[in-house]
file query-v6.txt (compact mmCIF, C-alpha atoms)
# COMPACT_ATOMS: atom_id res chain seq x y z
CA MET A 1 0.00 0.00 0.00
CA LYS A 2 1.41 3.40 -0.97
CA PHE A 3 0.45 6.24 1.34
CA SER A 4 0.52 9.96 0.63
CA ARG A 5 3.87 11.75 0.49
CA ARG A 6 2.67 14.19 3.16
CA THR A 7 2.95 11.37 5.74
CA GLU A 8 6.47 10.32 4.81
CA TRP A 9 8.11 11.41 8.03
CA PRO A 10 10.57 9.28 10.07
CA GLU A 11 8.76 6.56 12.00
CA THR A 12 11.56 5.38 14.28
CA GLY A 13 12.23 8.60 16.20
CA ASN A 14 15.64 10.12 16.82
CA ALA A 15 18.41 8.59 18.91
CA LEU A 16 17.57 10.66 21.99
CA THR A 17 13.86 9.79 22.11
CA ARG A 18 14.67 6.12 21.43
CA LEU A 19 17.07 6.09 24.37
CA LEU A 20 14.47 7.77 26.58
CA GLY A 21 11.90 5.15 25.60
CA GLU A 22 14.33 2.35 26.39
CA LYS A 23 15.15 3.74 29.83
CA LEU A 24 11.52 4.32 30.73
CA GLY A 25 10.64 0.86 29.41
CA ARG A 26 13.15 -0.65 31.82
CA GLY A 27 11.66 1.35 34.69
CA GLU A 28 14.76 3.51 35.16
CA PRO A 29 14.21 6.88 36.88
CA VAL A 30 14.70 9.86 34.59
CA ILE A 31 14.83 13.53 35.54
CA ASP A 32 12.81 15.23 32.80
CA LEU A 33 13.78 18.87 32.28
CA THR A 34 11.50 19.17 29.23
CA GLU A 35 8.06 18.65 30.82
CA THR A 36 5.50 21.16 29.48
CA ASN A 37 2.25 19.34 30.26
CA PRO A 38 0.70 21.39 33.10
CA THR A 39 -1.44 18.44 34.20
CA ARG A 40 1.72 16.55 35.18
CA CYS A 41 3.44 19.39 37.02
CA GLY A 42 1.64 19.48 40.37
CA PHE A 43 -0.18 22.80 40.11
CA ASP A 44 -2.75 23.65 42.78
CA PHE A 45 -5.10 25.44 40.37
CA LEU A 46 -5.89 22.09 38.73
CA ASP A 47 -8.51 21.00 41.25
CA PRO A 48 -11.64 18.83 40.74
CA GLU A 49 -13.94 21.89 40.78
CA ILE A 50 -12.84 22.51 37.19
CA LEU A 51 -14.92 19.49 36.18
CA GLY A 52 -18.14 20.86 37.69
CA PRO A 53 -19.48 22.72 34.62
CA LEU A 54 -19.03 19.64 32.44
CA GLY A 55 -21.91 17.83 34.17
CA ARG A 56 -24.63 20.39 33.48
CA PRO A 57 -27.83 19.17 31.75
CA GLU A 58 -27.56 21.77 28.96
CA ASN A 59 -24.46 19.95 27.71
CA LEU A 60 -26.81 17.25 26.39
CA ARG A 61 -28.18 19.77 23.88
CA TYR A 62 -26.29 20.14 20.58
CA GLU A 63 -26.47 23.58 18.96
CA PRO A 64 -23.84 23.63 16.18
CA ASP A 65 -22.42 26.94 15.05
CA PRO A 66 -19.34 27.24 12.79
CA HIS A 67 -18.06 30.09 14.97
CA GLY A 68 -18.72 28.24 18.22
CA LEU A 69 -21.29 28.91 20.93
CA ALA A 70 -22.03 32.58 21.50
CA GLU A 71 -21.42 32.45 25.27
CA ALA A 72 -17.90 31.12 24.74
CA ARG A 73 -17.11 33.72 22.07
CA LEU A 74 -18.35 36.45 24.39
CA ALA A 75 -15.84 35.18 26.95
CA VAL A 76 -13.09 35.49 24.33
CA SER A 77 -14.22 39.07 23.64
CA GLY A 78 -14.09 39.76 27.36
CA TYR A 79 -10.53 38.48 27.56
CA TYR A 80 -9.40 40.95 24.91
CA ARG A 81 -11.47 43.73 26.44
CA SER A 82 -9.38 43.27 29.61
CA LYS A 83 -6.37 44.11 27.42
CA GLY A 84 -8.04 47.19 25.95
CA ILE A 85 -8.76 45.51 22.60
CA ALA A 86 -12.21 45.48 20.99
CA VAL A 87 -13.00 42.09 19.45
CA ALA A 88 -16.56 41.36 18.35
CA PRO A 89 -17.85 37.81 18.85
CA GLU A 90 -18.41 37.64 15.09
CA GLN A 91 -14.64 37.83 14.59
CA VAL A 92 -14.04 34.72 16.72
CA PHE A 93 -13.87 31.07 15.65
CA LEU A 94 -13.47 28.35 18.27
CA THR A 95 -11.24 25.38 17.43
CA ALA A 96 -10.15 22.17 19.13
CA GLY A 97 -6.62 23.39 19.79
CA THR A 98 -4.25 25.78 18.04
CA SER A 99 -3.00 23.00 15.77
CA GLU A 100 -6.47 22.83 14.25
CA ALA A 101 -6.53 26.63 14.06
CA TYR A 102 -3.28 26.57 12.08
CA SER A 103 -4.71 23.89 9.80
CA PHE A 104 -7.83 25.96 9.09
CA ILE A 105 -5.78 29.06 8.31
CA LEU A 106 -3.23 27.29 6.12
CA ARG A 107 -6.06 25.68 4.13
CA LEU A 108 -7.79 29.06 3.86
CA LEU A 109 -4.72 30.92 2.60
CA CYS A 110 -2.78 28.40 0.51
CA ASP A 111 -3.24 26.15 -2.45
CA ALA A 112 -1.04 23.05 -2.52
CA GLY A 113 2.62 23.96 -2.96
CA GLU A 114 2.29 27.59 -1.89
CA GLY A 115 4.26 28.86 1.08
CA VAL A 116 4.14 30.75 4.35
CA LEU A 117 6.97 32.24 6.36
CA ALA A 118 7.81 30.90 9.83
CA PRO A 119 10.47 31.83 12.40
CA THR A 120 13.66 29.90 12.99
CA PRO A 121 14.55 28.98 15.70
CA GLY A 122 11.02 27.79 16.22
CA TYR A 123 8.68 25.04 17.32
CA PRO A 124 9.02 21.91 15.15
CA LEU A 125 5.26 21.26 15.19
CA LEU A 126 4.89 23.98 12.56
CA ASP A 127 6.82 21.86 10.06
CA TYR A 128 4.37 18.98 10.48
CA LEU A 129 1.32 21.22 10.25
CA ALA A 130 2.60 22.79 7.03
CA ALA A 131 3.42 19.41 5.50
CA TRP A 132 -0.01 18.09 6.45
CA SER A 133 -1.59 21.03 4.60
CA ASP A 134 0.70 20.63 1.55
CA VAL A 135 2.22 24.03 2.31
CA GLU A 136 5.89 24.97 2.00
CA LEU A 137 7.35 26.45 5.17
CA LEU A 138 9.87 29.19 4.35
CA LYS A 139 12.03 30.03 7.36
CA TYR A 140 12.90 33.60 8.29
CA PRO A 141 15.75 33.85 10.80
CA LEU A 142 15.72 35.32 14.27
CA ARG A 143 19.14 36.69 15.13
CA ARG A 144 20.42 36.87 18.67
CA GLU A 145 21.75 40.23 19.78
CA GLU A 146 20.55 41.67 23.09
CA SER A 147 17.53 39.51 22.35
CA TRP A 148 16.19 37.47 19.44
CA ARG A 149 14.96 39.72 16.63
CA MET A 150 13.77 39.32 13.06
CA GLU A 151 16.39 39.75 10.38
CA MET A 152 14.50 42.25 8.26
CA GLY A 153 16.67 42.03 5.16
CA GLU A 154 16.09 38.29 4.93
CA LEU A 155 12.36 38.82 5.50
CA ASP A 156 12.28 41.23 2.54
CA ARG A 157 14.10 38.69 0.37
CA LEU A 158 11.71 35.88 1.27
CA PHE A 159 8.73 37.95 0.18
CA ALA A 160 10.05 37.63 -3.37
CA LYS A 161 8.86 34.01 -3.11
CA ARG A 162 5.28 35.32 -2.82
CA PRO A 163 4.31 33.76 0.54
CA LYS A 164 0.63 33.75 1.44
CA GLY A 165 1.27 34.51 5.09
CA VAL A 166 3.74 35.15 7.90
CA LEU A 167 3.59 33.06 11.07
CA LEU A 168 4.47 35.14 14.13
CA VAL A 169 4.86 33.35 17.45
CA ASN A 170 4.50 36.00 20.16
CA PRO A 171 6.47 35.37 22.32
CA ASN A 172 8.41 32.93 20.22
CA ASN A 173 8.85 29.34 21.35
CA PRO A 174 11.46 28.50 22.62
CA THR A 175 13.45 31.75 22.37
CA GLY A 176 10.96 33.79 24.42
CA ASN A 177 11.15 37.06 22.46
CA PHE A 178 8.08 39.29 22.11
CA LEU A 179 7.34 41.12 18.88
CA ARG A 180 8.56 44.70 18.79
CA GLU A 181 6.46 47.53 17.40
CA GLU A 182 8.85 48.10 14.50
CA GLU A 183 8.69 44.41 13.59
CA ILE A 184 4.88 44.46 13.60
CA ALA A 185 4.83 47.59 11.43
CA ARG A 186 7.32 46.15 8.91
CA VAL A 187 5.52 42.82 8.58
CA SER A 188 2.15 44.61 8.27
CA ARG A 189 3.44 46.72 5.40
CA LEU A 190 4.98 43.72 3.61
CA CYS A 191 1.78 41.71 3.97
CA LEU A 192 -0.40 44.57 2.76
CA ASP A 193 1.86 45.22 -0.23
CA HIS A 194 2.05 41.53 -1.23
CA GLY A 195 -1.47 40.36 -0.43
CA ALA A 196 -0.35 38.14 2.45
CA ALA A 197 -1.77 37.58 5.93
CA MET A 198 -0.32 37.78 9.43
CA VAL A 199 -0.83 34.82 11.77
CA SER A 200 -0.02 35.63 15.39
CA ASP A 201 0.28 32.63 17.75
CA GLU A 202 -0.08 34.11 21.24
CA VAL A 203 -0.45 31.07 23.48
CA PHE A 204 2.39 32.31 25.74
CA ILE A 205 1.56 36.04 25.63
CA ASP A 206 0.32 36.16 29.24
CA PHE A 207 3.60 34.75 30.58
CA LYS A 208 5.92 37.73 30.47
CA TRP A 209 8.88 37.49 32.85
CA ARG A 210 9.58 40.01 35.54
CA GLY A 211 11.95 42.69 34.26
CA ALA A 212 11.27 42.08 30.55
CA ARG A 213 11.62 45.32 28.61
CA THR A 214 9.51 44.62 25.52
CA ALA A 215 5.79 45.24 26.01
CA GLU A 216 3.55 42.31 25.17
CA ARG A 217 1.11 43.29 22.44
CA SER A 218 -1.66 41.11 21.08
CA LEU A 219 -2.47 41.48 17.39
CA ALA A 220 -6.17 40.81 17.96
CA GLY A 221 -7.87 43.87 16.51
CA HIS A 222 -4.87 44.64 14.27
CA ASP A 223 -6.49 46.06 11.13
CA ALA A 224 -3.49 47.21 9.09
CA ALA A 225 -3.41 43.85 7.25
CA LEU A 226 -5.45 40.65 7.30
CA THR A 227 -4.54 39.13 10.67
CA PHE A 228 -5.39 35.88 12.42
CA THR A 229 -4.71 35.78 16.16
CA LEU A 230 -4.48 32.38 17.88
CA ASN A 231 -4.76 31.55 21.57
CA GLY A 232 -6.46 29.03 23.82
CA ILE A 233 -6.77 27.42 27.21
CA SER A 234 -3.98 24.88 26.81
CA LYS A 235 -1.40 27.37 28.12
CA MET A 236 -3.59 30.20 29.44
CA LEU A 237 -5.49 27.97 31.87
CA GLY A 238 -3.16 24.95 31.90
CA LEU A 239 -5.95 22.80 30.41
CA PRO A 240 -4.61 21.16 27.23
CA GLN A 241 -6.95 18.18 27.67
CA MET A 242 -10.07 20.35 27.30
CA LYS A 243 -9.21 21.16 23.66
CA LEU A 244 -10.47 24.70 23.26
CA SER A 245 -8.70 27.43 21.33
CA TRP A 246 -9.71 30.26 19.05
CA ILE A 247 -8.96 32.37 16.01
CA VAL A 248 -9.65 36.10 15.95
CA VAL A 249 -9.96 37.52 12.42
CA SER A 250 -8.91 41.17 12.01
CA GLY A 251 -7.94 43.39 9.12
CA PRO A 252 -9.35 45.78 6.52
CA PRO A 253 -13.14 45.33 6.49
CA ALA A 254 -13.62 43.86 3.00
CA VAL A 255 -10.88 41.22 3.18
CA ARG A 256 -11.77 40.43 6.80
CA ALA A 257 -15.40 39.78 5.82
CA SER A 258 -14.31 37.51 2.97
CA ALA A 259 -11.97 35.56 5.24
CA ILE A 260 -14.75 35.11 7.82
CA ARG A 261 -17.18 33.78 5.20
CA ARG A 262 -14.65 31.24 3.99
CA LEU A 263 -13.66 30.20 7.50
CA GLU A 264 -17.32 29.61 8.28
CA VAL A 265 -17.42 26.91 5.59
CA ILE A 266 -14.18 25.31 6.82
CA ALA A 267 -15.27 25.31 10.46
CA ASP A 268 -18.76 24.08 9.60
CA THR A 269 -17.20 21.08 7.84
CA PHE A 270 -15.64 19.88 11.11
CA LEU A 271 -17.56 21.37 14.08
CA SER A 272 -14.88 19.80 16.25
CA VAL A 273 -15.12 21.70 19.56
CA SER A 274 -17.09 19.86 22.23
CA THR A 275 -20.21 21.47 23.67
CA PRO A 276 -19.25 20.84 27.33
CA SER A 277 -15.91 22.64 26.94
CA GLN A 278 -17.57 25.60 25.23
CA ARG A 279 -20.24 25.93 27.91
CA ALA A 280 -17.69 25.59 30.72
CA PHE A 281 -15.31 28.10 29.17
CA PRO A 282 -16.75 31.31 30.72
CA GLU A 283 -16.54 29.78 34.20
CA TRP A 284 -13.05 28.47 33.56
CA MET A 285 -11.95 31.93 32.45
CA ALA A 286 -12.77 33.19 35.94
CA ARG A 287 -9.79 31.06 37.04
CA ARG A 288 -7.41 32.60 34.52
CA GLU A 289 -5.55 34.92 36.86
CA ALA A 290 -5.03 32.21 39.49
CA ALA A 291 -3.62 29.83 36.87
CA ARG A 292 -1.41 32.51 35.31
CA ARG A 293 -0.07 33.60 38.69
CA GLU A 294 0.82 30.08 39.81
CA ILE A 295 2.46 29.20 36.51
CA LEU A 296 4.45 32.42 36.48
CA GLU A 297 5.57 31.81 40.06
CA ARG A 298 6.89 28.41 38.97
CA VAL A 299 8.61 29.96 35.95
CA GLU A 300 10.23 32.69 38.04
CA GLN A 301 11.34 30.24 40.74
CA ASN A 302 13.01 27.94 38.23
CA LEU A 303 14.46 30.89 36.33
CA GLY A 304 16.06 32.07 39.58
CA THR A 305 17.51 28.60 40.14
CA LEU A 306 18.84 28.58 36.59
CA ARG A 307 20.45 32.00 36.95
CA ARG A 308 22.16 31.01 40.21
CA ALA A 309 23.48 27.81 38.63
CA ALA A 310 24.76 29.70 35.60
CA SER A 311 26.61 32.29 37.68
CA ALA A 312 27.98 29.81 40.22
CA GLY A 313 29.86 27.34 38.08
CA GLY A 314 30.19 28.76 34.60
CA ALA A 315 28.92 25.52 33.09
CA PHE A 316 26.47 27.28 30.81
CA LYS A 317 25.06 30.64 29.76
CA ILE A 318 21.39 31.55 29.57
CA LEU A 319 20.46 33.01 26.21
CA PRO A 320 18.27 36.13 26.39
CA ALA A 321 14.49 35.77 26.66
CA GLU A 322 11.54 37.76 27.99
CA GLY A 323 8.66 35.33 28.39
CA GLY A 324 7.15 31.90 27.91
CA TRP A 325 7.85 28.58 29.58
CA HIS A 326 11.30 27.74 28.20
CA ALA A 327 14.95 28.58 28.64
CA VAL A 328 17.63 28.22 25.99
CA ILE A 329 21.08 27.64 27.47
CA ARG A 330 24.49 27.20 25.88
CA MET A 331 27.05 24.89 27.47
CA THR A 332 30.55 26.33 27.70
CA SER A 333 32.41 23.06 26.99
CA ALA A 334 29.97 20.87 25.05
CA PRO A 335 30.17 21.80 21.37
CA ASP A 336 27.82 19.05 20.14
CA ASP A 337 24.37 19.46 21.66
CA GLU A 338 23.04 16.09 20.49
CA LYS A 339 26.00 14.11 21.83
CA PHE A 340 25.81 16.01 25.10
CA ALA A 341 22.08 15.32 25.48
CA LEU A 342 22.57 11.62 24.69
CA ARG A 343 25.37 11.16 27.20
CA LEU A 344 23.57 13.23 29.85
CA LEU A 345 20.58 10.92 29.56
CA ARG A 346 22.59 7.71 29.31
CA GLU A 347 25.04 8.41 32.13
CA ARG A 348 23.23 10.83 34.45
CA HIS A 349 19.57 10.04 33.67
CA VAL A 350 18.67 13.65 32.85
CA PHE A 351 16.56 14.39 29.77
CA ILE A 352 16.93 17.70 27.90
CA HIS A 353 16.11 18.84 24.38
CA PRO A 354 19.19 19.67 22.28
CA GLY A 355 18.96 22.99 20.51
CA TYR A 356 18.90 21.47 17.06
CA PHE A 357 15.37 20.17 17.79
CA TYR A 358 14.32 23.82 17.35
CA ASP A 359 16.78 24.70 14.56
CA ILE A 360 19.03 26.64 16.93
CA GLU A 361 22.30 26.96 15.04
CA GLU A 362 24.56 27.79 17.98
CA PRO A 363 26.44 24.63 19.04
CA GLY A 364 26.11 23.16 22.50
CA THR A 365 22.63 24.54 23.17
CA ALA A 366 19.77 22.96 25.08
CA VAL A 367 16.13 23.85 25.75
CA LEU A 368 14.67 23.38 29.24
CA SER A 369 11.12 23.73 30.54
CA PHE A 370 10.34 25.95 33.50
CA LEU A 371 7.19 23.96 34.30
CA THR A 372 9.25 21.17 35.85
CA LYS A 373 8.68 20.84 39.60
CA PRO A 374 11.27 23.05 41.35
CA ALA A 375 12.99 20.29 43.35
CA VAL A 376 13.29 18.15 40.22
CA PHE A 377 14.49 21.13 38.18
CA GLU A 378 17.23 21.92 40.70
CA GLU A 379 18.34 18.30 40.95
CA GLY A 380 18.54 18.01 37.18
CA LEU A 381 20.52 21.25 36.90
CA VAL A 382 23.14 19.98 39.33
CA SER A 383 23.76 16.94 37.14
CA LEU A 384 23.69 19.02 33.98
CA SER A 385 26.20 21.53 35.39
CA VAL A 386 28.61 18.81 36.53
CA ALA A 387 28.33 17.12 33.15
CA ALA A 388 28.87 20.35 31.22
CA LEU A 389 31.94 21.31 33.27
CA SER A 390 33.48 17.87 32.93
CA GLY A 391 32.62 17.56 29.26
CA LEU A 392 31.10 14.21 30.25
call {"tool": "encode", "arguments": {"input": "query-v6.txt", "output": "structure tokens"}}
result
Amino acid sequence: MKFSRRTEWPETGNALTRLLGEKLGRGEPVIDLTETNPTRCGFDFLDPEILGPLGRPENLRYEPDPHGLAEARLAVSGYYRSKGIAVAPEQVFLTAGTSEAYSFILRLLCDAGEGVLAPTPGYPLLDYLAAWSDVELLKYPLRREESWRMEMGELDRLFAKRPKGVLLVNPNNPTGNFLREEEIARVSRLCLDHGAAMVSDEVFIDFKWRGARTAERSLAGHDAALTFTLNGISKMLGLPQMKLSWIVVSGPPAVRASAIRRLEVIADTFLSVSTPSQRAFPEWMARREAARREILERVEQNLGTLRRAASAGGAFKILPAEGGWHAVIRMTSAPDDEKFALRLLRERHVFIHPGYFYDIEEPGTAVLSFLTKPAVFEEGLVSLSVAALSGL
């Protein structure tokens, strides 16, 4: 049987994930410094009361709407109103996760073989989503100076390839840089001039670190060019299992209206968001600040531990970031990040993501998650620091 070329990805996994699977299969303890699933991180805000709204009798009634239930979209509008942004419920589409939102938008914008721009370093899931939609992913580089910033000259050059959109991850994952005003203005102008759209993934936008200098700015309500803003409760409320995200459509009125009409057909084809999650969403949103505060406290605590470890032994440097759930570090005496990660796991039972997973070009880099329980995070850092100093 011959399957489609879009599914021709490696089936065996890479050496690091194979080794992890072998160790876990043997029951060996592993310190995981990559954990980003909030439901496995011991947060207090994840209590059984969250399940209460799911048992209401009205959840037995099915009222399909391609945009999603009105009460849930009103809650989305309220979220943006708290940020000083006017978003009408008619601009909102609910989806079962941001991956589905990306899929809808890529299918809306692109015919097979056409391309969109995406940041590098960046999250590898975008490569799979583009391939699944038969879309070419053209990478625009982020360069590290005092922080990670778009390389504007390269962005201009890539627009000669006539991309249908620009993916903006704000803040970027894993580099943690927020979009600057001049970057937004430049991309808006390029998109308007070339008939392309902006796609702003803002799942980490509420997790700005203390002391960050760049203001976080949502592109919901951005009307300078056709803009799709993505967010959801996976990160915002730490509820990835409830599968509820959204798209906000903004832009010049005529093109925005056309995009909404077309998205209505796409969304109506799937109607994938569950009724119980939609009806529970307004009540869950009342918990947003408690969830954000506890997650940020965990991030700041582990960031403090990381900074102390970096300054104490000189085993690694922390690359600049301003928000999100991740840290990118660079080992001072481990030039090959994959070999280092493999030996760290094999010999010291600590699991990290090498930088090349995210297309980070600097050698000897690793990506860590700040959601890891603090005691586990500190224990893993001790082993990582010793290993980096000794060169394993």
call {"tool": "atom_distance", "arguments": {"input": "query-v6.txt", "atom1": "CA of Ala118 (chain A)", "atom2": "CA of Tyr140 (chain A)"}}
result
6.0 Å
call {"tool": "closest_residue", "arguments": {"input": "query-v6.txt", "among": "A:Glu294, A:Ile318, A:Glu181, A:Arg348", "to": "Phe45 (chain A)", "atoms": "only C-alpha atoms"}}
result
A:Glu294
call {"tool": "closest_atom_pairs", "arguments": {"input": "query-v6.txt", "of": "region 290-346 of chain A", "to": "region 214-235 of chain A", "cutoff": "12 Å", "atoms": "all atoms listed in the file", "output": "JSON lines"}}
result
{"residue": "A:Ala291", "atom": "CA", "partner": "A:Lys235", "partner_atom": "CA", "distance": 9.4}
{"residue": "A:Arg292", "atom": "CA", "partner": "A:Lys235", "partner_atom": "CA", "distance": 8.8}
{"residue": "A:Ile295", "atom": "CA", "partner": "A:Lys235", "partner_atom": "CA", "distance": 9.4}
{"residue": "A:Leu296", "atom": "CA", "partner": "A:Lys235", "partner_atom": "CA", "distance": 11.4}
{"residue": "A:Ala321", "atom": "CA", "partner": "A:Thr214", "partner_atom": "CA", "distance": 10.2}
{"residue": "A:Glu322", "atom": "CA", "partner": "A:Thr214", "partner_atom": "CA", "distance": 7.6}
{"residue": "A:Gly323", "atom": "CA", "partner": "A:Glu216", "partner_atom": "CA", "distance": 9.2}
{"residue": "A:Gly324", "atom": "CA", "partner": "A:Lys235", "partner_atom": "CA", "distance": 9.7}
{"residue": "A:Trp325", "atom": "CA", "partner": "A:Lys235", "partner_atom": "CA", "distance": 9.4}
call {"tool": "residues_around", "arguments": {"input": "query-v6.txt", "residues": "Thr175 (chain A)", "least_positions_apart": "2", "cutoff": "10 Å", "atoms": "all atoms listed in the file", "output": "mmCIF file with C-alpha atoms, keeping the file's coordinate frame"}}
result
data_model
loop_
_atom_site.group_PDB
_atom_site.id
_atom_site.type_symbol
_atom_site.label_atom_id
_atom_site.label_comp_id
_atom_site.auth_asym_id
_atom_site.auth_seq_id
_atom_site.Cartn_x
_atom_site.Cartn_y
_atom_site.Cartn_z
ATOM 1 C CA THR A 120 13.660 29.900 12.990
ATOM 2 C CA PRO A 121 14.550 28.980 15.700
ATOM 3 C CA GLY A 122 11.020 27.790 16.220
ATOM 4 C CA TYR A 123 8.680 25.040 17.320
ATOM 5 C CA LEU A 142 15.720 35.320 14.270
ATOM 6 C CA ARG A 144 20.420 36.870 18.670
ATOM 7 C CA SER A 147 17.530 39.510 22.350
ATOM 8 C CA TRP A 148 16.190 37.470 19.440
ATOM 9 C CA ARG A 149 14.960 39.720 16.630
ATOM 10 C CA PRO A 171 6.470 35.370 22.320
ATOM 11 C CA ASN A 172 8.410 32.930 20.220
ATOM 12 C CA ASN A 173 8.850 29.340 21.350
ATOM 13 C CA ASN A 177 11.150 37.060 22.460
ATOM 14 C CA PHE A 178 8.080 39.290 22.110
ATOM 15 C CA LEU A 319 20.460 33.010 26.210
ATOM 16 C CA PRO A 320 18.270 36.130 26.390
ATOM 17 C CA ALA A 321 14.490 35.770 26.660
ATOM 18 C CA GLU A 322 11.540 37.760 27.990
ATOM 19 C CA GLY A 323 8.660 35.330 28.390
ATOM 20 C CA GLY A 324 7.150 31.900 27.910
ATOM 21 C CA TRP A 325 7.850 28.580 29.580
ATOM 22 C CA HIS A 326 11.300 27.740 28.200
ATOM 23 C CA ALA A 327 14.950 28.580 28.640
ATOM 24 C CA VAL A 328 17.630 28.220 25.990
ATOM 25 C CA TYR A 358 14.320 23.820 17.350
ATOM 26 C CA ILE A 360 19.030 26.640 16.930
ATOM 27 C CA VAL A 367 16.130 23.850 25.750
#
call {"tool": "closest_residue", "arguments": {"input": "query-v6.txt", "among": "A:Gly304, A:Pro163, A:Gly113, A:Pro89", "to": "Trp246 (chain A)", "atoms": "all atoms listed in the file"}}
result
A:Pro89
